[in-house]
Structure formats: C-alpha cells, structure tokens
file protein16.txt (compact mmCIF, C-alpha atoms)
# COMPACT_ATOMS: atom_id res chain seq x y z
CA MET J 1 13.72 -52.35 33.37
CA ILE J 2 15.43 -55.50 32.09
CA ALA J 3 13.75 -55.05 28.70
CA LEU J 4 15.03 -51.47 28.58
CA PHE J 5 18.59 -52.63 29.21
CA ILE J 6 18.29 -55.26 26.47
CA LEU J 7 16.79 -52.70 24.09
CA ILE J 8 19.80 -50.40 24.65
CA ILE J 9 22.26 -53.29 24.19
CA HIS J 10 20.79 -54.44 20.88
CA SER J 11 20.36 -50.89 19.58
CA ILE J 12 24.05 -50.17 20.11
CA GLU J 13 25.16 -53.51 18.69
CA THR J 14 23.01 -52.93 15.61
CA LEU J 15 24.53 -49.49 15.10
CA ALA J 16 27.98 -51.12 15.14
CA TYR J 17 27.33 -51.94 11.48
CA ALA J 18 26.95 -48.21 10.79
CA VAL J 19 30.29 -47.28 12.38
CA ARG J 20 32.25 -48.37 9.32
CA LEU J 21 29.84 -46.38 7.14
CA SER J 22 30.69 -43.24 9.10
CA GLY J 23 34.42 -44.02 9.19
CA ALA J 24 34.58 -44.69 5.45
CA ARG J 25 32.53 -41.57 4.76
CA VAL J 26 35.10 -39.28 6.40
CA LYS J 27 38.07 -41.62 5.74
CA LEU J 28 38.86 -41.97 9.46
CA LEU J 29 37.99 -45.59 10.16
CA ALA J 30 40.37 -46.11 13.11
CA SER J 31 39.02 -42.99 14.82
CA ALA J 32 35.46 -44.19 14.18
CA LEU J 33 36.09 -47.54 15.84
CA SER J 34 37.83 -45.85 18.76
CA LEU J 35 34.94 -43.43 19.32
CA PHE J 36 32.39 -46.23 19.07
CA ASN J 37 34.15 -47.99 21.95
CA VAL J 38 32.59 -45.34 24.21
CA MET J 39 29.15 -46.57 23.16
CA VAL J 40 30.31 -50.16 23.61
CA ILE J 41 31.13 -49.32 27.24
CA VAL J 42 27.50 -48.24 27.71
CA SER J 43 26.34 -51.50 26.12
CA ARG J 44 28.63 -53.61 28.32
CA LEU J 45 27.49 -51.72 31.43
CA ALA J 46 23.84 -52.29 30.54
CA ASN J 47 24.61 -55.97 29.94
CA MET J 48 26.32 -56.36 33.32
CA MET J 49 23.39 -54.66 35.06
CA GLN J 50 20.65 -56.68 33.39
CA GLN J 51 22.12 -60.15 33.90
CA PRO J 52 21.58 -60.36 37.70
CA PHE J 53 18.05 -59.00 37.31
CA THR J 54 17.33 -61.51 34.56
CA GLY J 55 18.61 -64.31 36.78
CA SER J 56 16.34 -63.14 39.57
CA LEU J 57 13.31 -63.89 37.37
CA THR J 58 13.99 -67.61 37.78
CA ASP J 59 14.71 -67.27 41.52
CA THR J 60 11.48 -65.39 42.25
CA ALA J 61 9.22 -67.34 39.87
CA PRO J 62 6.05 -68.76 41.46
CA LYS J 63 6.17 -72.40 42.52
CA GLU J 64 3.16 -73.23 40.36
CA ASN J 65 3.48 -73.07 36.56
CA THR J 66 7.10 -71.98 36.95
CA LEU J 67 8.17 -72.95 33.45
CA ALA J 68 5.22 -71.20 31.78
CA PHE J 69 5.78 -68.04 33.82
CA VAL J 70 9.52 -67.85 33.09
CA GLU J 71 8.99 -68.64 29.40
CA GLN J 72 6.51 -65.79 29.11
CA GLN J 73 8.90 -63.36 30.82
CA PHE J 74 11.87 -64.43 28.70
CA ARG J 75 9.92 -64.15 25.46
CA VAL J 76 9.17 -60.55 26.35
CA LEU J 77 12.91 -59.98 26.75
CA ILE J 78 13.61 -61.57 23.37
CA GLY J 79 10.95 -59.25 21.97
CA ALA J 80 12.84 -56.32 23.51
CA ALA J 81 15.92 -57.46 21.57
CA SER J 82 13.87 -57.25 18.36
CA VAL J 83 12.61 -53.77 19.26
CA GLY J 84 16.13 -52.63 20.11
CA THR J 85 17.43 -53.92 16.77
CA LEU J 86 14.61 -52.13 14.95
CA VAL J 87 15.42 -48.90 16.81
CA GLY J 88 19.04 -49.24 15.67
CA ILE J 89 17.91 -49.68 12.06
CA LEU J 90 15.62 -46.63 12.23
CA LEU J 91 18.47 -44.56 13.69
CA LEU J 92 20.89 -45.52 10.89
CA PRO J 93 20.74 -42.30 8.78
CA THR J 94 20.75 -40.09 11.89
CA PHE J 95 23.61 -42.03 13.47
CA VAL J 96 25.77 -41.90 10.32
CA ALA J 97 25.23 -38.13 9.97
CA ILE J 98 25.98 -37.27 13.62
CA PHE J 99 28.69 -39.87 14.16
CA SER J 100 30.57 -38.77 11.04
CA ARG J 101 30.77 -35.24 12.41
CA ALA J 102 31.79 -36.53 15.82
CA ILE J 103 34.68 -38.43 14.24
CA ILE J 104 35.92 -35.25 12.58
CA HIS J 105 35.65 -33.33 15.86
CA LEU J 106 37.53 -36.11 17.64
CA SER J 107 40.33 -35.75 15.10
CA GLU J 108 40.38 -31.98 15.65
CA GLU J 109 40.59 -32.56 19.42
CA ARG J 110 43.55 -34.90 18.82
CA GLY J 111 41.74 -37.91 20.26
CA SER J 112 40.53 -36.32 23.50
CA ILE J 113 37.15 -37.87 24.38
CA PRO J 114 36.50 -35.47 27.32
CA ALA J 115 37.18 -32.47 25.05
CA LEU J 116 34.86 -33.94 22.43
CA PHE J 117 32.07 -34.40 24.99
CA LYS J 118 32.55 -30.86 26.28
CA ARG J 119 32.30 -29.55 22.75
CA GLY J 120 29.53 -31.88 21.59
CA PHE J 121 27.18 -31.27 24.51
CA SER J 122 27.33 -27.49 24.26
CA ILE J 123 23.99 -25.86 23.48
CA GLY J 124 25.05 -24.82 19.98
CA TYR J 125 26.18 -28.29 18.95
CA VAL J 126 23.13 -29.96 20.49
CA LYS J 127 20.81 -27.67 18.50
CA ARG J 128 22.80 -28.38 15.36
CA GLY J 129 22.69 -32.11 16.04
CA ILE J 130 18.90 -32.16 16.46
CA LYS J 131 18.58 -30.96 12.86
CA HIS J 132 20.19 -34.20 11.68
CA PHE J 133 17.48 -36.37 13.26
CA HIS J 134 15.29 -37.88 10.57
CA MET J 135 13.59 -41.18 9.89
CA PRO J 136 14.98 -43.38 7.12
CA SER J 137 13.20 -43.19 3.79
CA PHE J 138 13.13 -45.42 0.74
CA SER J 139 15.50 -42.98 -0.97
CA TYR J 140 18.17 -44.13 1.51
CA LEU J 141 17.88 -47.61 -0.02
CA LYS J 142 18.35 -46.26 -3.54
CA GLY J 143 20.76 -48.44 -5.46
CA ILE J 144 20.46 -51.33 -3.01
CA SER J 145 19.17 -54.52 -4.60
CA TRP J 146 18.31 -57.56 -2.52
CA ARG J 147 19.55 -59.69 -5.42
CA ASP J 148 23.08 -58.63 -4.45
CA ILE J 149 22.79 -60.15 -0.98
CA PRO J 150 25.29 -62.96 -0.30
CA ILE J 151 22.82 -65.56 0.97
CA LYS J 152 25.35 -67.59 2.98
CA LEU J 153 26.57 -64.52 4.91
CA PHE J 154 22.98 -63.40 5.46
CA ILE J 155 21.96 -66.77 6.91
CA VAL J 156 25.10 -67.09 9.03
CA ASN J 157 24.42 -63.70 10.63
CA ILE J 158 20.81 -64.70 11.35
CA ALA J 159 22.04 -67.85 13.11
CA ILE J 160 24.74 -66.02 15.09
CA THR J 161 22.30 -63.33 16.23
CA ALA J 162 19.70 -65.92 17.27
CA ILE J 163 22.26 -67.87 19.32
CA TYR J 164 23.64 -64.72 20.94
CA THR J 165 20.14 -63.45 21.78
CA ILE J 166 19.01 -66.59 23.60
CA GLY J 167 22.35 -67.71 25.07
CA VAL J 168 21.77 -66.51 28.63
CA LEU J 169 17.99 -66.94 28.57
CA SER J 170 18.07 -70.55 27.36
CA ALA J 171 20.73 -71.39 29.94
CA LEU J 172 18.61 -69.94 32.74
CA TYR J 173 15.53 -71.80 31.50
CA ALA J 174 17.58 -75.00 31.29
CA SER J 175 18.47 -74.60 34.96
CA LEU J 176 14.76 -75.05 35.72
CA LEU J 177 14.53 -78.13 33.53
CA VAL J 178 17.40 -79.85 35.35
CA PRO J 179 17.48 -78.32 38.85
CA GLU J 180 20.04 -80.90 39.99
CA ARG J 181 22.47 -79.40 37.44
CA SER J 182 21.22 -75.82 37.53
CA THR J 183 24.61 -74.19 38.18
CA THR J 184 26.20 -76.11 35.32
CA ALA J 185 23.39 -75.01 32.99
CA VAL J 186 23.66 -71.35 33.96
CA MET J 187 27.44 -71.26 33.60
CA SER J 188 27.21 -72.76 30.11
CA SER J 189 25.79 -69.47 28.82
CA GLY J 190 29.31 -68.05 28.67
CA LEU J 191 30.36 -70.90 26.37
CA ILE J 192 27.37 -70.36 24.08
CA ASN J 193 27.86 -66.61 23.76
CA GLY J 194 31.60 -67.12 23.38
CA VAL J 195 31.07 -69.41 20.39
CA ALA J 196 28.61 -66.92 18.85
CA THR J 197 31.11 -64.09 19.32
CA MET J 198 33.92 -66.11 17.71
CA LEU J 199 31.71 -66.92 14.72
CA LEU J 200 30.88 -63.22 14.38
CA ILE J 201 34.56 -62.26 14.46
CA ILE J 202 35.56 -64.99 11.99
CA PHE J 203 32.77 -64.77 9.40
CA ILE J 204 31.10 -61.34 9.61
CA ASP J 205 33.41 -58.56 10.84
CA PRO J 206 36.27 -59.16 8.36
CA LYS J 207 33.90 -58.97 5.38
CA ILE J 208 32.50 -55.57 6.41
CA SER J 209 35.92 -54.25 7.39
CA ILE J 210 37.39 -55.11 3.98
CA LEU J 211 34.56 -53.26 2.24
CA ALA J 212 35.23 -50.19 4.43
CA ASP J 213 38.96 -50.32 3.67
CA ASP J 214 38.19 -50.58 -0.05
CA VAL J 215 36.08 -47.42 0.13
CA ILE J 216 38.81 -45.49 1.95
CA ASN J 217 41.48 -46.70 -0.49
CA GLN J 218 39.20 -45.95 -3.46
CA ARG J 219 39.08 -49.58 -4.53
CA GLY J 220 35.38 -50.01 -3.77
CA SER J 221 32.16 -48.01 -3.67
CA TYR J 222 30.39 -46.53 -0.66
CA LEU J 223 27.17 -48.01 -2.03
CA ASN J 224 28.53 -51.55 -1.65
CA LEU J 225 29.44 -50.83 1.96
CA LYS J 226 26.01 -49.34 2.65
CA ARG J 227 24.36 -52.32 0.98
CA ALA J 228 26.31 -54.73 3.17
CA SER J 229 25.56 -52.74 6.34
CA VAL J 230 21.82 -52.59 5.65
CA MET J 231 21.85 -56.29 4.81
CA MET J 232 23.56 -57.20 8.09
CA MET J 233 21.10 -55.08 10.06
CA ALA J 234 18.17 -56.78 8.35
CA SER J 235 19.62 -60.24 9.03
CA ARG J 236 20.21 -59.27 12.64
CA LEU J 237 16.54 -58.32 13.01
CA LEU J 238 15.48 -61.63 11.49
CA GLY J 239 17.88 -63.35 13.89
CA THR J 240 16.00 -61.97 16.89
CA PHE J 241 12.77 -63.38 15.42
CA VAL J 242 14.40 -66.79 14.91
CA ALA J 243 15.54 -66.58 18.55
CA GLN J 244 11.89 -66.91 19.61
CA LEU J 245 11.74 -70.25 17.79
CA LEU J 246 15.07 -71.52 19.15
CA PHE J 247 14.56 -70.45 22.75
CA ILE J 248 12.93 -73.63 24.13
CA PRO J 249 14.83 -76.12 21.88
CA GLY J 250 18.04 -74.37 22.91
CA ALA J 251 17.17 -74.71 26.59
CA LYS J 252 16.39 -78.39 26.18
CA TYR J 253 19.69 -78.95 24.36
CA ILE J 254 21.63 -77.23 27.14
CA ALA J 255 19.77 -79.27 29.76
CA TRP J 256 20.65 -82.47 27.88
CA PHE J 257 24.27 -81.46 27.34
CA THR J 258 24.90 -80.68 31.02
CA GLN J 259 24.81 -84.40 31.85
CA PHE J 260 28.16 -84.76 30.09
CA MET J 261 29.71 -82.04 32.25
CA THR J 262 29.11 -83.69 35.59
call {"tool": "encode", "arguments": {"input": "protein16.txt", "output": "structure tokens"}}
result
Amino acid sequence: MIALFILIIHSIETLAYAVRLSGARVKLLASALSLFNVMVIVSRLANMMQQPFTGSLTDTAPKENTLAFVEQQFRVLIGAASVGTLVGILLLPTFVAIFSRAIIHLSEERGSIPALFKRGFSIGYVKRGIKHFHMPSFSYLKGISWRDIPIKLFIVNIAITAIYTIGVLSALYASLLVPERSTTAVMSSGLINGVATMLLIIFIDPKISILADDVINQRGSYLNLKRASVMMMASRLLGTFVAQLLFIPGAKYIAWFTQFMT
C-alpha cells in the first residue's frame, strides 16, 4: 500500500514536466498550471497518507536484524519511486494529448473545475479519451539529440531527485542508528526535502518555464521544450536509481549531524 502511494506521487511529479508541454501546445500555460494543481492535491494527499505508514515500518520492525529488515523494506519503496517515474514517462504522450484538451475545455468552462469534471467524465468524453491512450514510440523522440543535453542541469536534477527520494527514508533509518536522538533524526527530513525543493525551484523550474514562454511567444521551438522535458524525466528516473546508492550513506550522515542539534 505504501509502495502504491509512492508510485502515484512520483508518477504525478514526473508528469509535471509535461504540463508545460501541454500549456505551450495550446498557448494556455497559466490554465495548464492551474489545472495541474488538482493532480498535485492528489499527490500531496497520497504523500500525507503514506508518511505515517512508512514511519510505522520502523516502529513495528522485529527486534532482531532490525536494520537489515528496515533497509530491505525501504529499498522496495525507493524501487516504487523508480517504477512510478517510469510510469510517468510512459504516460507522457497520452498525458499531453488528454491534458491539452482538458485545458481547452477548462477555458471554455471559464475556469470551473467542477464543470470540467462533469463534462470530462461523461460517457462520450471518456470513450473519446480512451482513444488517445498509446505507448510512446521512438517517433516521439524524433529530432531529440542527447548531444543537446545541458550536462550540468541533467546532473543537478539527478542529485535533487535522489535527495528528495530518500529524504524521509534516510531520516527514519537514521533514527534507528541513533535511538537516543531518534526524534531529532526523524524531524530533520523536513529540512532535507526543503533544501531539495528549493534547489528544484531555483535551478530547474525557471529553465523549463522560460522555454515554455518562448514557445508561446514564438521565440522558441516546441521541439526544444519537448527535448528539455524528456531530458528532465530521464534524469529524474536516474535520480531514483542513484537514491538506492545514497540511502545508507545519507542515513549515516543524518545520524552524525544530529549530534550538533542537541
């Protein structure tokens, strides 16, 4: 159940890179971001629900081989983050097609989300929407060259994703390493994720937003925006793999750092 929540969270957060693609495609970027906030609510709700259950894994761990048991459980959850990111990548063409139409309908409904849902979940629209479901093909990557990838941005996004993925898990594991400072270790997860979020806002989001604005204002190409979005999704997937490597070192660092907070 926890893995399912994490899968949903990372799928939605991966598709956030596709929101600007849809907004630029129909030239309604502000409406696209506003509509995506509905999906963000689902992600935040799933995140709030999974955190207590994840914490319970350390509380209910067996007394023998506690660290090995918790590590195994947490690595499964990190794996769920990778699967969720991959699901988001596979849904990219479908999401852009359906979300672009949803943005237009939202504009026609003058920003009424309830009216959009009433319209979108009607039998006719559901049948029409199913026709847009298709797996990505190599033709979708036509014109995208990996030589055009800004290496620094790619690496920064890998690091941010890895830190964000293990923030809570490493903090919980650290609480087992230093039980006398367990509460301090657990509460430090907010600081870790906060730093990762700030780095994302400072280094990643503005770059993609500028590309989307350039497309809308006819100063840039849609291909450049699609290239950047695919690149960020790929780096995010790699970030979840790197998270497996950083999980234990991150926990040990948190455990060590807590001594300066008491």
call {"tool": "closest_atom_pairs", "arguments": {"input": "protein16.txt", "of": "region 14-83 of chain J", "to": "region 174-195 of chain J", "cutoff": "9 Å", "atoms": "only C-alpha atoms", "output": "JSON lines"}}
result
{"residue": "J:Thr58", "atom": "CA", "partner": "J:Leu176", "partner_atom": "CA", "distance": 7.8}
{"residue": "J:Thr66", "atom": "CA", "partner": "J:Leu176", "partner_atom": "CA", "distance": 8.3}
{"residue": "J:Leu67", "atom": "CA", "partner": "J:Leu176", "partner_atom": "CA", "distance": 7.3}
call {"tool": "write_last_selection", "arguments": {"input": "protein16.txt", "atoms": "C-alpha atoms", "output": "short mmCIF file (atom, residue, chain, number, x, y, z; two decimals), in the coordinates of the input"}}
result
data_model
loop_
_atom_site.label_atom_id
_atom_site.label_comp_id
_atom_site.auth_asym_id
_atom_site.auth_seq_id
_atom_site.Cartn_x
_atom_site.Cartn_y
_atom_site.Cartn_z
CA THR J 58 13.99 -67.61 37.78
CA THR J 66 7.10 -71.98 36.95
CA LEU J 67 8.17 -72.95 33.45
#
call {"tool": "closest_residue", "arguments": {"input": "protein16.txt", "among": "J:Ile201, J:Ile89, J:Ile163, J:Val70", "to": "Thr14 (chain J)", "atoms": "only C-alpha atoms"}}
result
J:Ile89
call {"tool": "closest_atom_pairs", "arguments": {"input": "protein16.txt", "of": "region 110-188 of chain J", "to": "region 237-242 of chain J", "cutoff": "7 Å", "atoms": "only C-alpha atoms", "output": "Markdown table"}}
result
| residue | atom | partner | partner_atom | distance |
| --- | --- | --- | --- | --- |
| J:Ile158 | CA | J:Gly239 | CA | 4.1 |
| J:Ala159 | CA | J:Gly239 | CA | 6.2 |
| J:Thr161 | CA | J:Gly239 | CA | 5.0 |
| J:Ala162 | CA | J:Gly239 | CA | 4.6 |
| J:Thr165 | CA | J:Thr240 | CA | 6.6 |
call {"tool": "residues_around", "arguments": {"input": "protein16.txt", "residues": "region 121-134 of chain J", "least_positions_apart": "2", "cutoff": "12 Å", "atoms": "only C-alpha atoms", "output": "MDAnalysis selection string"}}
result
chainID J and resid 90:102 105 113:119 136:137 140
call {"tool": "write_last_selection", "arguments": {"input": "protein16.txt", "atoms": "C-alpha atoms", "output": "PDB file, keeping the file's coordinate frame"}}
result
ATOM      1  CA  LEU J  90      15.620 -46.630  12.230  1.00  0.00           C
ATOM      2  CA  LEU J  91      18.470 -44.560  13.690  1.00  0.00           C
ATOM      3  CA  LEU J  92      20.890 -45.520  10.890  1.00  0.00           C
ATOM      4  CA  PRO J  93      20.740 -42.300   8.780  1.00  0.00           C
ATOM      5  CA  THR J  94      20.750 -40.090  11.890  1.00  0.00           C
ATOM      6  CA  PHE J  95      23.610 -42.030  13.470  1.00  0.00           C
ATOM      7  CA  VAL J  96      25.770 -41.900  10.320  1.00  0.00           C
ATOM      8  CA  ALA J  97      25.230 -38.130   9.970  1.00  0.00           C
ATOM      9  CA  ILE J  98      25.980 -37.270  13.620  1.00  0.00           C
ATOM     10  CA  PHE J  99      28.690 -39.870  14.160  1.00  0.00           C
ATOM     11  CA  SER J 100      30.570 -38.770  11.040  1.00  0.00           C
ATOM     12  CA  ARG J 101      30.770 -35.240  12.410  1.00  0.00           C
ATOM     13  CA  ALA J 102      31.790 -36.530  15.820  1.00  0.00           C
ATOM     14  CA  HIS J 105      35.650 -33.330  15.860  1.00  0.00           C
ATOM     15  CA  ILE J 113      37.150 -37.870  24.380  1.00  0.00           C
ATOM     16  CA  PRO J 114      36.500 -35.470  27.320  1.00  0.00           C
ATOM     17  CA  ALA J 115      37.180 -32.470  25.050  1.00  0.00           C
ATOM     18  CA  LEU J 116      34.860 -33.940  22.430  1.00  0.00           C
ATOM     19  CA  PHE J 117      32.070 -34.400  24.990  1.00  0.00           C
ATOM     20  CA  LYS J 118      32.550 -30.860  26.280  1.00  0.00           C
ATOM     21  CA  ARG J 119      32.300 -29.550  22.750  1.00  0.00           C
ATOM     22  CA  PRO J 136      14.980 -43.380   7.120  1.00  0.00           C
ATOM     23  CA  SER J 137      13.200 -43.190   3.790  1.00  0.00           C
ATOM     24  CA  TYR J 140      18.170 -44.130   1.510  1.00  0.00           C
TER      25      TYR J 140
END
call {"tool": "atom_distance", "arguments": {"input": "protein16.txt", "atom1": "CA of Ile9 (chain J)", "atom2": "CA of Ala32 (chain J)"}}
result
18.9 Å
call {"tool": "atom_distance", "arguments": {"input": "protein16.txt", "atom1": "CA of Ser56 (chain J)", "atom2": "CA of Ile254 (chain J)"}}
result
19.5 Å
call {"tool": "axis_aligned_box", "arguments": {"input": "protein16.txt", "around": "region 115-128 of chain J", "padding_each_side": "3 Å", "output": "JSON"}}
result
{"center_x": 29.0, "center_y": -29.6, "center_z": 20.8, "size_x": 22.4, "size_y": 15.6, "size_z": 16.9}
call {"tool": "closest_residue", "arguments": {"input": "protein16.txt", "among": "J:Ile210, J:Ile6, J:Ala228, J:Leu169", "to": "Thr85 (chain J)", "atoms": "all atoms listed in the file"}}
result
J:Ile6
call {"tool": "decode", "arguments": {"input": "protein16.txt", "residues": "region 210-221 of chain J", "atoms": "all heavy atoms", "output": "mmCIF file, in the first residue's frame"}}
result
data_model
loop_
_atom_site.group_PDB
_atom_site.id
_atom_site.type_symbol
_atom_site.label_atom_id
_atom_site.label_comp_id
_atom_site.auth_asym_id
_atom_site.auth_seq_id
_atom_site.Cartn_x
_atom_site.Cartn_y
_atom_site.Cartn_z
ATOM 1 N N ILE J 210 10.911 29.159 -18.908
ATOM 2 C CA ILE J 210 11.357 30.096 -19.945
ATOM 3 C C ILE J 210 11.195 29.486 -21.329
ATOM 4 O O ILE J 210 10.755 30.159 -22.281
ATOM 5 C CB ILE J 210 12.828 30.510 -19.704
ATOM 6 C CG1 ILE J 210 12.947 31.404 -18.467
ATOM 7 C CG2 ILE J 210 13.390 31.228 -20.923
ATOM 8 C CD1 ILE J 210 12.192 32.714 -18.576
ATOM 9 N N LEU J 211 11.531 28.204 -21.458
ATOM 10 C CA LEU J 211 11.366 27.529 -22.747
ATOM 11 C C LEU J 211 9.904 27.510 -23.169
ATOM 12 O O LEU J 211 9.579 27.709 -24.351
ATOM 13 C CB LEU J 211 11.913 26.104 -22.668
ATOM 14 C CG LEU J 211 13.435 25.944 -22.570
ATOM 15 C CD1 LEU J 211 13.806 24.486 -22.375
ATOM 16 C CD2 LEU J 211 14.114 26.512 -23.806
ATOM 17 N N ALA J 212 8.994 27.254 -22.194
ATOM 18 C CA ALA J 212 7.557 27.242 -22.499
ATOM 19 C C ALA J 212 7.075 28.625 -22.916
ATOM 20 O O ALA J 212 6.291 28.763 -23.869
ATOM 21 C CB ALA J 212 6.775 26.748 -21.283
ATOM 22 N N ASP J 213 7.530 29.652 -22.218
ATOM 23 C CA ASP J 213 7.154 31.026 -22.579
ATOM 24 C C ASP J 213 7.658 31.382 -23.973
ATOM 25 O O ASP J 213 6.971 32.077 -24.737
ATOM 26 C CB ASP J 213 7.716 32.016 -21.557
ATOM 27 C CG ASP J 213 6.974 31.965 -20.229
ATOM 28 O OD1 ASP J 213 5.829 31.466 -20.215
ATOM 29 O OD2 ASP J 213 7.530 32.407 -19.210
ATOM 30 N N ASP J 214 8.862 30.928 -24.310
ATOM 31 C CA ASP J 214 9.417 31.205 -25.638
ATOM 32 C C ASP J 214 8.570 30.579 -26.734
ATOM 33 O O ASP J 214 8.378 31.168 -27.806
ATOM 34 C CB ASP J 214 10.859 30.681 -25.732
ATOM 35 C CG ASP J 214 11.840 31.544 -24.952
ATOM 36 O OD1 ASP J 214 11.466 32.683 -24.591
ATOM 37 O OD2 ASP J 214 12.969 31.085 -24.699
ATOM 38 N N VAL J 215 8.059 29.369 -26.471
ATOM 39 C CA VAL J 215 7.200 28.701 -27.462
ATOM 40 C C VAL J 215 5.910 29.491 -27.656
ATOM 41 O O VAL J 215 5.475 29.744 -28.784
ATOM 42 C CB VAL J 215 6.886 27.258 -27.021
ATOM 43 C CG1 VAL J 215 5.852 26.629 -27.960
ATOM 44 C CG2 VAL J 215 8.152 26.417 -26.993
ATOM 45 N N ILE J 216 5.296 29.896 -26.545
ATOM 46 C CA ILE J 216 4.034 30.639 -26.628
ATOM 47 C C ILE J 216 4.219 31.979 -27.331
ATOM 48 O O ILE J 216 3.370 32.410 -28.123
ATOM 49 C CB ILE J 216 3.457 30.852 -25.209
ATOM 50 C CG1 ILE J 216 3.032 29.504 -24.605
ATOM 51 C CG2 ILE J 216 2.257 31.805 -25.237
ATOM 52 C CD1 ILE J 216 2.588 29.587 -23.173
ATOM 53 N N ASN J 217 5.352 32.638 -27.062
ATOM 54 C CA ASN J 217 5.616 33.947 -27.669
ATOM 55 C C ASN J 217 6.345 33.850 -29.002
ATOM 56 O O ASN J 217 6.828 34.862 -29.524
ATOM 57 C CB ASN J 217 6.440 34.804 -26.698
ATOM 58 C CG ASN J 217 5.674 35.126 -25.427
ATOM 59 O OD1 ASN J 217 4.521 35.513 -25.480
ATOM 60 N ND2 ASN J 217 6.313 34.960 -24.275
ATOM 61 N N GLN J 218 6.437 32.615 -29.523
ATOM 62 C CA GLN J 218 7.033 32.349 -30.834
ATOM 63 C C GLN J 218 8.481 32.804 -30.924
ATOM 64 O O GLN J 218 8.959 33.251 -31.966
ATOM 65 C CB GLN J 218 6.190 33.020 -31.940
ATOM 66 C CG GLN J 218 4.764 32.483 -32.008
ATOM 67 C CD GLN J 218 3.950 33.132 -33.104
ATOM 68 O OE1 GLN J 218 4.283 34.201 -33.604
ATOM 69 N NE2 GLN J 218 2.856 32.483 -33.493
ATOM 70 N N ARG J 219 9.175 32.673 -29.803
ATOM 71 C CA ARG J 219 10.613 32.981 -29.791
ATOM 72 C C ARG J 219 11.447 31.696 -29.717
ATOM 73 O O ARG J 219 12.668 31.745 -29.822
ATOM 74 C CB ARG J 219 10.969 33.874 -28.597
ATOM 75 C CG ARG J 219 10.371 35.263 -28.650
ATOM 76 C CD ARG J 219 11.083 36.178 -27.663
ATOM 77 N NE ARG J 219 10.978 35.665 -26.305
ATOM 78 C CZ ARG J 219 10.067 36.075 -25.419
ATOM 79 N NH1 ARG J 219 9.184 37.002 -25.772
ATOM 80 N NH2 ARG J 219 10.040 35.572 -24.199
ATOM 81 N N GLY J 220 10.776 30.572 -29.504
ATOM 82 C CA GLY J 220 11.474 29.293 -29.401
ATOM 83 C C GLY J 220 10.642 28.190 -30.024
ATOM 84 O O GLY J 220 9.467 28.395 -30.379
ATOM 85 N N SER J 221 11.229 27.016 -30.156
ATOM 86 C CA SER J 221 10.537 25.910 -30.811
ATOM 87 C C SER J 221 9.960 24.940 -29.780
ATOM 88 O O SER J 221 10.505 24.773 -28.693
ATOM 89 C CB SER J 221 11.495 25.154 -31.738
ATOM 90 O OG SER J 221 12.462 24.451 -30.992
#
